[in-house]
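Note: the block below is target.pdb and it holds PDB, C-alpha atoms and all ligand atoms.
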```
ATOM      1  CA  MET A   6      22.978  14.801 149.740  1.00  0.00           C
ATOM      2  CA  SER A   7      21.415  17.329 147.376  1.00  0.00           C
ATOM      3  CA  LYS A   8      20.162  16.198 143.983  1.00  0.00           C
ATOM      4  CA  ASN A   9      22.524  16.333 141.045  1.00  0.00           C
ATOM      5  CA  ILE A  10      22.170  19.231 138.632  1.00  0.00           C
ATOM      6  CA  VAL A  11      21.342  18.702 134.956  1.00  0.00           C
ATOM      7  CA  VAL A  12      21.800  21.462 132.391  1.00  0.00           C
ATOM      8  CA  ALA A  13      19.999  20.612 129.131  1.00  0.00           C
ATOM      9  CA  ILE A  14      21.089  22.494 126.015  1.00  0.00           C
ATOM     10  CA  ASP A  15      19.075  21.987 122.841  1.00  0.00           C
ATOM     11  CA  GLY A  16      18.949  23.805 119.554  1.00  0.00           C
ATOM     12  CA  TYR A  17      19.613  23.817 115.845  1.00  0.00           C
ATOM     13  CA  SER A  18      22.678  22.317 114.164  1.00  0.00           C
ATOM     14  CA  SER A  19      25.882  24.311 114.391  1.00  0.00           C
ATOM     15  CA  CYS A  20      24.670  27.107 116.592  1.00  0.00           C
ATOM     16  CA  GLY A  21      27.381  26.675 119.178  1.00  0.00           C
ATOM     17  CA  LYS A  22      25.705  24.280 121.581  1.00  0.00           C
ATOM     18  CA  SER A  23      28.847  22.277 122.172  1.00  0.00           C
ATOM     19  CA  THR A  24      31.029  25.372 122.572  1.00  0.00           C
ATOM     20  CA  LEU A  25      28.729  26.616 125.293  1.00  0.00           C
ATOM     21  CA  ALA A  26      28.193  23.210 126.884  1.00  0.00           C
ATOM     22  CA  LYS A  27      31.946  22.546 127.111  1.00  0.00           C
ATOM     23  CA  ALA A  28      32.713  25.986 128.537  1.00  0.00           C
ATOM     24  CA  LEU A  29      29.938  25.661 131.079  1.00  0.00           C
ATOM     25  CA  ALA A  30      30.987  22.173 132.164  1.00  0.00           C
ATOM     26  CA  LYS A  31      34.581  23.302 132.519  1.00  0.00           C
ATOM     27  CA  LYS A  32      33.674  26.325 134.601  1.00  0.00           C
ATOM     28  CA  LEU A  33      31.331  24.364 136.882  1.00  0.00           C
ATOM     29  CA  HIS A  34      33.367  21.125 136.979  1.00  0.00           C
ATOM     30  CA  PHE A  35      30.364  19.238 135.593  1.00  0.00           C
ATOM     31  CA  ILE A  36      30.547  16.304 133.181  1.00  0.00           C
ATOM     32  CA  TYR A  37      29.946  17.225 129.548  1.00  0.00           C
ATOM     33  CA  VAL A  38      28.002  14.834 127.292  1.00  0.00           C
ATOM     34  CA  ASP A  39      27.656  15.498 123.570  1.00  0.00           C
ATOM     35  CA  SER A  40      24.555  13.452 122.707  1.00  0.00           C
ATOM     36  CA  GLY A  41      24.929  14.197 118.979  1.00  0.00           C
ATOM     37  CA  ALA A  42      28.259  12.332 119.026  1.00  0.00           C
ATOM     38  CA  MET A  43      26.351   9.218 120.084  1.00  0.00           C
ATOM     39  CA  TYR A  44      23.974   9.415 117.088  1.00  0.00           C
ATOM     40  CA  ARG A  45      26.986  10.074 114.868  1.00  0.00           C
ATOM     41  CA  ALA A  46      28.838   7.017 116.197  1.00  0.00           C
ATOM     42  CA  VAL A  47      25.783   4.830 115.603  1.00  0.00           C
ATOM     43  CA  THR A  48      25.602   6.226 112.053  1.00  0.00           C
ATOM     44  CA  LEU A  49      29.260   5.379 111.489  1.00  0.00           C
ATOM     45  CA  TYR A  50      28.660   1.820 112.640  1.00  0.00           C
ATOM     46  CA  PHE A  51      25.615   1.491 110.337  1.00  0.00           C
ATOM     47  CA  LEU A  52      27.590   2.837 107.361  1.00  0.00           C
ATOM     48  CA  ARG A  53      30.562   0.579 107.964  1.00  0.00           C
ATOM     49  CA  ASN A  54      28.380  -2.492 108.434  1.00  0.00           C
ATOM     50  CA  HIS A  55      25.889  -1.702 105.672  1.00  0.00           C
ATOM     51  CA  VAL A  56      22.930  -1.796 108.031  1.00  0.00           C
ATOM     52  CA  ASN A  57      19.688  -1.250 106.144  1.00  0.00           C
ATOM     53  CA  ILE A  58      17.979   1.454 108.198  1.00  0.00           C
ATOM     54  CA  ALA A  59      14.582   0.615 106.723  1.00  0.00           C
ATOM     55  CA  ASP A  60      14.791  -2.820 108.342  1.00  0.00           C
ATOM     56  CA  ALA A  61      13.850  -2.546 112.042  1.00  0.00           C
ATOM     57  CA  GLU A  62      15.155  -6.031 112.835  1.00  0.00           C
ATOM     58  CA  GLN A  63      18.561  -5.282 111.356  1.00  0.00           C
ATOM     59  CA  VAL A  64      18.670  -2.005 113.258  1.00  0.00           C
ATOM     60  CA  THR A  65      17.781  -3.644 116.577  1.00  0.00           C
ATOM     61  CA  ALA A  66      20.341  -6.399 116.051  1.00  0.00           C
ATOM     62  CA  ALA A  67      23.032  -3.867 115.123  1.00  0.00           C
ATOM     63  CA  LEU A  68      22.308  -1.741 118.192  1.00  0.00           C
ATOM     64  CA  GLN A  69      23.144  -4.704 120.397  1.00  0.00           C
ATOM     65  CA  ASN A  70      26.628  -4.772 118.902  1.00  0.00           C
ATOM     66  CA  ILE A  71      27.317  -1.094 119.514  1.00  0.00           C
ATOM     67  CA  HIS A  72      29.159  -0.082 122.670  1.00  0.00           C
ATOM     68  CA  LEU A  73      29.805   3.597 123.125  1.00  0.00           C
ATOM     69  CA  ASN A  74      32.005   5.245 125.725  1.00  0.00           C
ATOM     70  CA  PHE A  75      32.990   8.802 126.479  1.00  0.00           C
ATOM     71  CA  HIS A  76      36.419   9.803 127.704  1.00  0.00           C
ATOM     72  CA  SER A  77      36.734  13.356 128.774  1.00  0.00           C
ATOM     73  CA  ARG A  78      40.071  15.021 128.189  1.00  0.00           C
ATOM     74  CA  ASP A  79      40.108  18.794 128.583  1.00  0.00           C
ATOM     75  CA  TYR A  80      36.351  18.786 128.114  1.00  0.00           C
ATOM     76  CA  GLN A  81      36.740  17.669 124.513  1.00  0.00           C
ATOM     77  CA  THR A  82      34.523  14.835 123.345  1.00  0.00           C
ATOM     78  CA  HIS A  83      36.421  11.604 122.926  1.00  0.00           C
ATOM     79  CA  ILE A  84      34.020   8.883 121.985  1.00  0.00           C
ATOM     80  CA  THR A  85      34.850   5.263 121.368  1.00  0.00           C
ATOM     81  CA  LEU A  86      32.807   2.862 119.250  1.00  0.00           C
ATOM     82  CA  ASN A  87      33.485  -0.698 120.395  1.00  0.00           C
ATOM     83  CA  GLY A  88      36.784   0.444 121.839  1.00  0.00           C
ATOM     84  CA  GLU A  89      37.956   2.398 118.775  1.00  0.00           C
ATOM     85  CA  GLU A  90      38.385   6.158 119.051  1.00  0.00           C
ATOM     86  CA  VAL A  91      36.089   7.660 116.377  1.00  0.00           C
ATOM     87  CA  SER A  92      35.930  11.289 117.537  1.00  0.00           C
ATOM     88  CA  ASP A  93      37.366  12.651 114.276  1.00  0.00           C
ATOM     89  CA  GLU A  94      35.679  10.281 111.866  1.00  0.00           C
ATOM     90  CA  ILE A  95      32.178  11.062 113.137  1.00  0.00           C
ATOM     91  CA  ARG A  96      32.670  14.708 112.068  1.00  0.00           C
ATOM     92  CA  LEU A  97      33.387  13.880 108.414  1.00  0.00           C
ATOM     93  CA  MET A  98      30.810  14.364 105.662  1.00  0.00           C
ATOM     94  CA  PRO A  99      29.719  10.711 105.182  1.00  0.00           C
ATOM     95  CA  VAL A 100      28.464  10.662 108.772  1.00  0.00           C
ATOM     96  CA  SER A 101      27.072  14.234 108.678  1.00  0.00           C
ATOM     97  CA  GLU A 102      25.103  13.406 105.549  1.00  0.00           C
ATOM     98  CA  ASN A 103      23.567  10.253 107.007  1.00  0.00           C
ATOM     99  CA  VAL A 104      23.043  11.056 110.664  1.00  0.00           C
ATOM    100  CA  SER A 105      19.607  12.680 110.353  1.00  0.00           C
ATOM    101  CA  PRO A 106      17.746   9.595 109.098  1.00  0.00           C
ATOM    102  CA  VAL A 107      19.571   7.418 111.625  1.00  0.00           C
ATOM    103  CA  SER A 108      18.667   9.720 114.504  1.00  0.00           C
ATOM    104  CA  ALA A 109      15.022   9.609 113.409  1.00  0.00           C
ATOM    105  CA  ILE A 110      14.763   5.837 114.001  1.00  0.00           C
ATOM    106  CA  ARG A 111      12.662   4.978 117.047  1.00  0.00           C
ATOM    107  CA  GLU A 112      14.840   2.003 118.125  1.00  0.00           C
ATOM    108  CA  VAL A 113      17.987   4.116 117.930  1.00  0.00           C
ATOM    109  CA  ARG A 114      16.478   6.929 119.992  1.00  0.00           C
ATOM    110  CA  LYS A 115      15.142   4.547 122.619  1.00  0.00           C
ATOM    111  CA  GLU A 116      18.593   3.067 123.173  1.00  0.00           C
ATOM    112  CA  MET A 117      20.449   6.392 123.148  1.00  0.00           C
ATOM    113  CA  VAL A 118      17.972   8.095 125.482  1.00  0.00           C
ATOM    114  CA  ALA A 119      18.265   5.215 127.985  1.00  0.00           C
ATOM    115  CA  GLN A 120      22.072   5.525 127.939  1.00  0.00           C
ATOM    116  CA  GLN A 121      21.884   9.305 128.314  1.00  0.00           C
ATOM    117  CA  GLN A 122      19.498   9.070 131.259  1.00  0.00           C
ATOM    118  CA  ARG A 123      21.887   6.680 133.021  1.00  0.00           C
ATOM    119  CA  MET A 124      24.708   9.205 132.594  1.00  0.00           C
ATOM    120  CA  GLY A 125      22.668  11.945 134.278  1.00  0.00           C
ATOM    121  CA  LYS A 126      21.345   9.902 137.143  1.00  0.00           C
ATOM    122  CA  SER A 127      23.748  10.834 139.882  1.00  0.00           C
ATOM    123  CA  LYS A 128      26.245  13.293 138.457  1.00  0.00           C
ATOM    124  CA  ASN A 129      26.161  16.979 137.664  1.00  0.00           C
ATOM    125  CA  ILE A 130      26.105  17.147 133.893  1.00  0.00           C
ATOM    126  CA  VAL A 131      25.744  19.450 130.936  1.00  0.00           C
ATOM    127  CA  MET A 132      24.276  17.606 127.950  1.00  0.00           C
ATOM    128  CA  ASP A 133      23.626  19.086 124.533  1.00  0.00           C
ATOM    129  CA  GLY A 134      21.399  17.775 121.761  1.00  0.00           C
ATOM    130  CA  ARG A 135      17.923  18.132 120.290  1.00  0.00           C
ATOM    131  CA  ASP A 136      15.604  16.477 122.806  1.00  0.00           C
ATOM    132  CA  ILE A 137      17.490  16.805 126.081  1.00  0.00           C
ATOM    133  CA  GLY A 138      15.078  19.247 127.747  1.00  0.00           C
ATOM    134  CA  THR A 139      11.985  17.611 126.246  1.00  0.00           C
ATOM    135  CA  ALA A 140      12.563  13.840 126.276  1.00  0.00           C
ATOM    136  CA  VAL A 141      15.817  12.901 128.013  1.00  0.00           C
ATOM    137  CA  PHE A 142      15.661  15.166 131.082  1.00  0.00           C
ATOM    138  CA  PRO A 143      12.242  16.815 131.218  1.00  0.00           C
ATOM    139  CA  ASN A 144      13.012  17.680 134.856  1.00  0.00           C
ATOM    140  CA  ALA A 145      16.390  19.315 134.213  1.00  0.00           C
ATOM    141  CA  GLN A 146      16.925  22.296 136.489  1.00  0.00           C
ATOM    142  CA  VAL A 147      18.239  24.460 133.637  1.00  0.00           C
ATOM    143  CA  LYS A 148      17.106  24.269 130.003  1.00  0.00           C
ATOM    144  CA  LEU A 149      18.536  26.401 127.249  1.00  0.00           C
ATOM    145  CA  PHE A 150      17.307  26.477 123.665  1.00  0.00           C
ATOM    146  CA  MET A 151      19.914  27.828 121.278  1.00  0.00           C
ATOM    147  CA  THR A 152      19.421  29.368 117.904  1.00  0.00           C
ATOM    148  CA  ALA A 153      21.321  31.609 115.454  1.00  0.00           C
ATOM    149  CA  ASP A 154      20.992  32.913 111.902  1.00  0.00           C
ATOM    150  CA  PRO A 155      21.479  29.958 109.479  1.00  0.00           C
ATOM    151  CA  LYS A 156      24.047  31.877 107.390  1.00  0.00           C
ATOM    152  CA  VAL A 157      26.131  32.640 110.462  1.00  0.00           C
ATOM    153  CA  ARG A 158      25.878  29.009 111.519  1.00  0.00           C
ATOM    154  CA  ALA A 159      27.040  27.799 108.098  1.00  0.00           C
ATOM    155  CA  GLU A 160      30.058  30.116 108.149  1.00  0.00           C
ATOM    156  CA  ARG A 161      31.065  28.961 111.619  1.00  0.00           C
ATOM    157  CA  ARG A 162      30.714  25.277 110.699  1.00  0.00           C
ATOM    158  CA  TYR A 163      32.582  25.782 107.415  1.00  0.00           C
ATOM    159  CA  ARG A 164      35.590  27.220 109.248  1.00  0.00           C
ATOM    160  CA  GLU A 165      35.473  24.317 111.694  1.00  0.00           C
ATOM    161  CA  LEU A 166      35.269  21.628 108.983  1.00  0.00           C
ATOM    162  CA  LEU A 167      37.772  23.036 106.495  1.00  0.00           C
ATOM    163  CA  PRO A 168      40.983  21.675 108.091  1.00  0.00           C
ATOM    164  CA  ASN A 169      39.746  18.064 107.838  1.00  0.00           C
ATOM    165  CA  ASN A 170      37.672  18.544 104.657  1.00  0.00           C
ATOM    166  CA  PRO A 171      39.760  20.736 102.316  1.00  0.00           C
ATOM    167  CA  ASP A 172      37.387  20.288  99.350  1.00  0.00           C
ATOM    168  CA  ILE A 173      34.287  21.417 101.170  1.00  0.00           C
ATOM    169  CA  THR A 174      32.346  24.519 100.043  1.00  0.00           C
ATOM    170  CA  LEU A 175      30.308  26.987 102.074  1.00  0.00           C
ATOM    171  CA  GLU A 176      27.236  26.191  99.948  1.00  0.00           C
ATOM    172  CA  GLU A 177      27.531  22.498 100.763  1.00  0.00           C
ATOM    173  CA  VAL A 178      27.710  23.249 104.477  1.00  0.00           C
ATOM    174  CA  PHE A 179      24.745  25.623 104.247  1.00  0.00           C
ATOM    175  CA  GLU A 180      22.710  22.970 102.404  1.00  0.00           C
ATOM    176  CA  ASN A 181      23.635  20.333 104.971  1.00  0.00           C
ATOM    177  CA  ILE A 182      22.572  22.598 107.848  1.00  0.00           C
ATOM    178  CA  ALA A 183      19.293  23.582 106.155  1.00  0.00           C
ATOM    179  CA  HIS A 184      18.568  19.954 105.442  1.00  0.00           C
ATOM    180  CA  ARG A 185      19.315  18.911 109.037  1.00  0.00           C
ATOM    181  CA  ASP A 186      17.179  21.750 110.451  1.00  0.00           C
ATOM    182  CA  TYR A 187      14.317  20.536 108.318  1.00  0.00           C
ATOM    183  CA  SER A 188      14.651  16.860 109.245  1.00  0.00           C
ATOM    184  CA  ASP A 189      15.349  17.557 112.927  1.00  0.00           C
ATOM    185  CA  THR A 190      12.211  19.685 113.322  1.00  0.00           C
ATOM    186  CA  THR A 191       9.824  17.652 111.166  1.00  0.00           C
ATOM    187  CA  ARG A 192      10.697  14.071 112.117  1.00  0.00           C
ATOM    188  CA  LYS A 193       8.079  11.987 113.917  1.00  0.00           C
ATOM    189  CA  GLU A 194      10.292  10.740 116.754  1.00  0.00           C
ATOM    190  CA  SER A 195      11.223  13.468 119.274  1.00  0.00           C
ATOM    191  CA  PRO A 196      11.431  16.376 116.827  1.00  0.00           C
ATOM    192  CA  LEU A 197      13.592  19.325 117.820  1.00  0.00           C
ATOM    193  CA  MET A 198      11.441  21.783 119.721  1.00  0.00           C
ATOM    194  CA  ARG A 199      11.805  24.127 122.614  1.00  0.00           C
ATOM    195  CA  ALA A 200      10.647  22.789 125.966  1.00  0.00           C
ATOM    196  CA  GLU A 201       8.066  25.184 127.405  1.00  0.00           C
ATOM    197  CA  ASP A 202      10.358  26.027 130.290  1.00  0.00           C
ATOM    198  CA  ALA A 203      13.529  26.424 128.193  1.00  0.00           C
ATOM    199  CA  VAL A 204      15.196  29.817 127.950  1.00  0.00           C
ATOM    200  CA  ILE A 205      15.959  30.948 124.384  1.00  0.00           C
ATOM    201  CA  LEU A 206      19.546  31.922 123.643  1.00  0.00           C
ATOM    202  CA  ASP A 207      20.115  33.482 120.201  1.00  0.00           C
ATOM    203  CA  ASN A 208      23.848  33.847 119.723  1.00  0.00           C
ATOM    204  CA  THR A 209      23.935  35.379 116.222  1.00  0.00           C
ATOM    205  CA  ASN A 210      25.414  38.573 117.600  1.00  0.00           C
ATOM    206  CA  ILE A 211      26.957  37.655 120.909  1.00  0.00           C
ATOM    207  CA  THR A 212      30.392  36.326 121.792  1.00  0.00           C
ATOM    208  CA  PRO A 213      31.118  32.941 123.383  1.00  0.00           C
ATOM    209  CA  ASP A 214      32.017  34.756 126.625  1.00  0.00           C
ATOM    210  CA  GLU A 215      28.700  36.571 126.658  1.00  0.00           C
ATOM    211  CA  GLN A 216      26.721  33.405 126.118  1.00  0.00           C
ATOM    212  CA  LEU A 217      28.696  31.666 128.856  1.00  0.00           C
ATOM    213  CA  ALA A 218      27.885  34.484 131.282  1.00  0.00           C
ATOM    214  CA  PHE A 219      24.202  34.221 130.318  1.00  0.00           C
ATOM    215  CA  ALA A 220      24.147  30.475 130.959  1.00  0.00           C
ATOM    216  CA  LEU A 221      26.088  30.720 134.232  1.00  0.00           C
ATOM    217  CA  GLU A 222      23.534  33.172 135.511  1.00  0.00           C
ATOM    218  CA  LYS A 223      20.800  30.607 134.878  1.00  0.00           C
ATOM    219  CA  VAL A 224      22.663  27.822 136.697  1.00  0.00           C
ATOM    220  CA  GLN A 225      23.817  29.950 139.624  1.00  0.00           C
ATOM    221  CA  PRO A 226      20.618  29.686 141.747  1.00  0.00           C
ATOM    222  CA  PHE A 227      20.902  25.893 141.781  1.00  0.00           C
ATOM    223  CA  LEU A 228      24.507  25.861 142.934  1.00  0.00           C
ATOM    224  CA  LYS A 229      23.685  27.369 146.291  1.00  0.00           C
ATOM    225  CA  ASN A 230      21.528  24.469 147.495  1.00  0.00           C
TER     226      ASN A 230
HETATM  227  O1  LIG A 301      24.653  17.989 117.257  1.00  0.00           O
HETATM  228  P1  LIG A 301      25.106  17.190 116.049  1.00  0.00           P
HETATM  229  O2  LIG A 301      25.085  17.961 114.764  1.00  0.00           O
HETATM  230  O3  LIG A 301      26.410  16.499 116.261  1.00  0.00           O
HETATM  231  O4  LIG A 301      23.981  16.057 115.898  1.00  0.00           O
HETATM  232  C1  LIG A 301      24.036  15.110 114.880  1.00  0.00           C
HETATM  233  C2  LIG A 301      22.638  14.649 114.492  1.00  0.00           C
HETATM  234  O5  LIG A 301      22.061  13.907 115.570  1.00  0.00           O
HETATM  235  C3  LIG A 301      21.654  15.736 114.114  1.00  0.00           C
HETATM  236  O6  LIG A 301      21.130  15.504 112.825  1.00  0.00           O
HETATM  237  C4  LIG A 301      20.542  15.644 115.104  1.00  0.00           C
HETATM  238  C5  LIG A 301      20.751  14.347 115.818  1.00  0.00           C
HETATM  239  N1  LIG A 301      20.577  14.463 117.275  1.00  0.00           N
HETATM  240  C6  LIG A 301      19.369  14.076 117.788  1.00  0.00           C
HETATM  241  O7  LIG A 301      18.466  13.712 117.048  1.00  0.00           O
HETATM  242  N2  LIG A 301      19.167  14.124 119.133  1.00  0.00           N
HETATM  243  C7  LIG A 301      20.133  14.538 119.956  1.00  0.00           C
HETATM  244  N3  LIG A 301      19.903  14.561 121.265  1.00  0.00           N
HETATM  245  C8  LIG A 301      21.376  14.955 119.432  1.00  0.00           C
HETATM  246  C9  LIG A 301      21.568  14.903 118.077  1.00  0.00           C
END
```

Would you write the structure of this file as structure tokens?
Amino acid sequence: MSKNIVVAIDGYSSCGKSTLAKALAKKLHFIYVDSGAMYRAVTLYFLRNHVNIADAEQVTAALQNIHLNFHSRDYQTHITLNGEEVSDEIRLMPVSENVSPVSAIREVRKEMVAQQQRMGKSKNIVMDGRDIGTAVFPNAQVKLFMTADPKVRAERRYRELLPNNPDITLEEVFENIAHRDYSDTTRKESPLMRAEDAVILDNTNITPDEQLAFALEKVQPFLKN
């Protein structure tokens, strides 16, 4: 049997990674894994249980009580935290504002990366995140690194968040994105960076259909084997 195919999509916050990853998975009948949702669910658990993230022992103990599961329905991310569906709650501001420091913790990354690697062991998958092409699947057949103008990213995210966060402002969203870009690229543990063999995809001025066509072209050669 031929080896399973892994498509790794990394890039900055809110530049359409999940839109592309979902569309690609749907088209190819691959499994879609949103790795950011896992860090968000861990953050939610830490917030709810008042875990002190500066205390490595507390963090390690808490991680043992966290059980995450994905359920794919229409290629939308449905993630459960200890059996409870938290897909909506992990997108709200309290989690968005706290996820960067949580995702920078070595113990958290070690556990999440191990879970992610298990998911990509034998199945064809598309996974998006920050370190998928560098740390999680350095041997992925296809690696894309996505970027877009920060202002365009903030506008897109603002429109997405508004229905569930009616009081939110564009400035707040822009600040949050700028802050996350900074922490994601400067953190010590697996900072966001382009894998040497990743193809850059800047979608500031292209449509979702165009970026899907671009990505499909990159995967195509591996489908024939
Ligand atoms: O993609 P997102 O915005 O849902 O990710 C939430 C946070 O998790 C973001 O601050 C970066 C972090 N993250 C990470 O460190 N590694 C990943 N593979 C995915 C997300």

(message) Set the distance at 8 Å and use only C-alpha atoms: which residues neighbour A:Ser92 once local chain neighbours fewer than 4 positions away are removed? I'd like the list as a list of chain:residue names.
(response) A:Ala42, A:Thr82, A:His83, A:Ile84, A:Thr85, A:Arg96

Quick one: write out the picked residues with C-alpha atoms as a PDB file, in the frame of the given file?
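Generated output (again-v4.pdb):
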```pdb
ATOM      1  CA  ALA A  42      28.259  12.332 119.026  1.00  0.00           C
ATOM      2  CA  THR A  82      34.523  14.835 123.345  1.00  0.00           C
ATOM      3  CA  HIS A  83      36.421  11.604 122.926  1.00  0.00           C
ATOM      4  CA  ILE A  84      34.020   8.883 121.985  1.00  0.00           C
ATOM      5  CA  THR A  85      34.850   5.263 121.368  1.00  0.00           C
ATOM      6  CA  ARG A  96      32.670  14.708 112.068  1.00  0.00           C
TER       7      ARG A  96
END
```

(message) So the first atom is atom CA of A:Asp133 and the second is atom CA of A:Gln121; what is the distance between them in Å, to one decimal place?
(response) 10.6 Å

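Closest approach to ligand LIG 301 (chain A) among A:Asn70, A:Asn9, A:Ser195, A:Asn208 is made by A:Ser195 (distances from only C-alpha atoms and all ligand atoms).
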
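With only C-alpha atoms as the basis for measurement, A:Met117 is the residue among A:Asn54, A:Thr152, A:Met117, A:Arg111 that approaches A:Asp39 most closely.
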
Once you add 6 Å to each side, what are the centre and edge lengths of the axis-aligned box holding all listed atoms of ligand LIG 301 (chain A)? One decimal in Å, as JSON, if you can.
```
{"center_x": 22.4, "center_y": 15.9, "center_z": 117.0, "size_x": 19.9, "size_y": 16.3, "size_z": 20.4}
```

(request) Return the single residue from A:Glu180, A:Glu222, A:Asp60, A:Asp186 that is closest to ligand LIG 301 (chain A), with distances computed using only C-alpha atoms and all ligand atoms. (result) A:Asp186

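All residues, whether protein, DNA or RNA, that have an atom at most 7 Å from ligand LIG 301 (chain A) (counting only C-alpha atoms and all ligand atoms) are Ser18, Ser19, Ser40, Gly41, Ala42, Tyr44, Arg45, Ser101, Val104, Ser105, Ser108, Ala109, Asp133, Gly134, Arg135, Asp136, Ile137, Arg185 and Asp189 of chain A.
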
(message) Would you compute the distance between atom CA of A:Cys20 and atom CA of A:Leu206? Give it in Å to one decimal.
(response) 10.0 Å

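Taking atom CA of A:Tyr50 and atom CA of A:Glu176 as endpoints, the distance between them is 27.5 Å.
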
(message) Env of A:Ser127: 10 Å cut, atoms = all atoms listed in the file, seq-sep filter 3 positions within chain, self excluded. Answer as a ChimeraX atom specification.
(response) /A:8-11,122-124,130

(request) Pull out every residue that the PyMOL selection byres (((chain A and resi 71) around 12) and not hetatm) matches in the shown coordinates and put them as a PyMOL selection string. (result) chain A and resi 43-44+46-51+54+64-70+72-74+85-89+113+116-117+120

(request) Any chance you could resolve the PyMOL selection byres (((chain A and resi 81) around 12) and not hetatm) against this file and give the residues as JSON, numbers by chain? (result) {"A": [23, 24, 26, 27, 28, 30, 31, 36, 37, 38, 39, 42, 75, 76, 77, 78, 79, 80, 82, 83, 84, 92, 93]}

What would the file look like if the residues just selected were written as a PDB file, in the coordinates of the input with C-alpha atoms?
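The resulting file, part_6.pdb, is shown below:
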```pdb
ATOM      1  CA  SER A  23      28.847  22.277 122.172  1.00  0.00           C
ATOM      2  CA  THR A  24      31.029  25.372 122.572  1.00  0.00           C
ATOM      3  CA  ALA A  26      28.193  23.210 126.884  1.00  0.00           C
ATOM      4  CA  LYS A  27      31.946  22.546 127.111  1.00  0.00           C
ATOM      5  CA  ALA A  28      32.713  25.986 128.537  1.00  0.00           C
ATOM      6  CA  ALA A  30      30.987  22.173 132.164  1.00  0.00           C
ATOM      7  CA  LYS A  31      34.581  23.302 132.519  1.00  0.00           C
ATOM      8  CA  ILE A  36      30.547  16.304 133.181  1.00  0.00           C
ATOM      9  CA  TYR A  37      29.946  17.225 129.548  1.00  0.00           C
ATOM     10  CA  VAL A  38      28.002  14.834 127.292  1.00  0.00           C
ATOM     11  CA  ASP A  39      27.656  15.498 123.570  1.00  0.00           C
ATOM     12  CA  ALA A  42      28.259  12.332 119.026  1.00  0.00           C
ATOM     13  CA  PHE A  75      32.990   8.802 126.479  1.00  0.00           C
ATOM     14  CA  HIS A  76      36.419   9.803 127.704  1.00  0.00           C
ATOM     15  CA  SER A  77      36.734  13.356 128.774  1.00  0.00           C
ATOM     16  CA  ARG A  78      40.071  15.021 128.189  1.00  0.00           C
ATOM     17  CA  ASP A  79      40.108  18.794 128.583  1.00  0.00           C
ATOM     18  CA  TYR A  80      36.351  18.786 128.114  1.00  0.00           C
ATOM     19  CA  THR A  82      34.523  14.835 123.345  1.00  0.00           C
ATOM     20  CA  HIS A  83      36.421  11.604 122.926  1.00  0.00           C
ATOM     21  CA  ILE A  84      34.020   8.883 121.985  1.00  0.00           C
ATOM     22  CA  SER A  92      35.930  11.289 117.537  1.00  0.00           C
ATOM     23  CA  ASP A  93      37.366  12.651 114.276  1.00  0.00           C
TER      24      ASP A  93
END
```

(request) Return the single residue from A:Glu62, A:Lys22, A:Asn210, A:Glu201 that is closest to A:Thr139, with distances computed using all atoms listed in the file. (result) A:Glu201

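For the set A:Val131, A:Ala203, A:Leu166, A:Ile182, the residue with the smallest atom-to-atom gap to A:Lys32 is A:Val131, counting all atoms listed in the file.
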
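Of the listed residues A:Gln216, A:Val12, A:Tyr17, A:Thr174, the one whose atoms come nearest to A:Thr190 is A:Tyr17, with distances taken using all atoms listed in the file.
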
(message) At a cut-off of 12 Å, using only C-alpha atoms, what residues contact stretch 168-171 of chain A? Leave out same-chain residues fewer than 4 positions from it and give the result as an NGL selection string.
(response) :A and (93-99 or 162-164 or 175 or 177-178)

(message) Using all atoms listed in the file and a cutoff of 6 Å, can you tell me which residues are near (17.2, 20.2, 128.3) in the file's coordinates, and write them out as a PyMOL selection string?
(response) chain A and resi 13-14+137-138+142+148

Working from the structure I just supplied, which lacks atoms in stretch 113-119 of chain A, can you model N, CA, C and O atoms there and output them as a PDB file, in the frame of the given file?
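So selection.pdb came out as:
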```pdb
ATOM      1  N   VAL A 113      16.713   3.443 117.635  1.00  0.00           N
ATOM      2  CA  VAL A 113      17.987   4.116 117.930  1.00  0.00           C
ATOM      3  C   VAL A 113      17.785   5.118 119.066  1.00  0.00           C
ATOM      4  O   VAL A 113      18.538   5.148 120.042  1.00  0.00           O
ATOM      5  N   ARG A 114      16.726   5.903 118.970  1.00  0.00           N
ATOM      6  CA  ARG A 114      16.478   6.929 119.992  1.00  0.00           C
ATOM      7  C   ARG A 114      16.233   6.299 121.361  1.00  0.00           C
ATOM      8  O   ARG A 114      16.718   6.770 122.373  1.00  0.00           O
ATOM      9  N   LYS A 115      15.478   5.195 121.348  1.00  0.00           N
ATOM     10  CA  LYS A 115      15.142   4.547 122.619  1.00  0.00           C
ATOM     11  C   LYS A 115      16.425   4.146 123.337  1.00  0.00           C
ATOM     12  O   LYS A 115      16.606   4.390 124.529  1.00  0.00           O
ATOM     13  N   GLU A 116      17.341   3.543 122.595  1.00  0.00           N
ATOM     14  CA  GLU A 116      18.593   3.067 123.173  1.00  0.00           C
ATOM     15  C   GLU A 116      19.480   4.235 123.626  1.00  0.00           C
ATOM     16  O   GLU A 116      20.043   4.215 124.719  1.00  0.00           O
ATOM     17  N   MET A 117      19.585   5.262 122.789  1.00  0.00           N
ATOM     18  CA  MET A 117      20.449   6.392 123.148  1.00  0.00           C
ATOM     19  C   MET A 117      19.901   7.154 124.355  1.00  0.00           C
ATOM     20  O   MET A 117      20.649   7.525 125.258  1.00  0.00           O
ATOM     21  N   VAL A 118      18.581   7.354 124.364  1.00  0.00           N
ATOM     22  CA  VAL A 118      17.972   8.095 125.482  1.00  0.00           C
ATOM     23  C   VAL A 118      18.197   7.340 126.797  1.00  0.00           C
ATOM     24  O   VAL A 118      18.546   7.939 127.816  1.00  0.00           O
ATOM     25  N   ALA A 119      18.052   6.011 126.762  1.00  0.00           N
ATOM     26  CA  ALA A 119      18.265   5.215 127.985  1.00  0.00           C
ATOM     27  C   ALA A 119      19.706   5.389 128.475  1.00  0.00           C
ATOM     28  O   ALA A 119      19.954   5.587 129.668  1.00  0.00           O
TER      29      ALA A 119
END
```
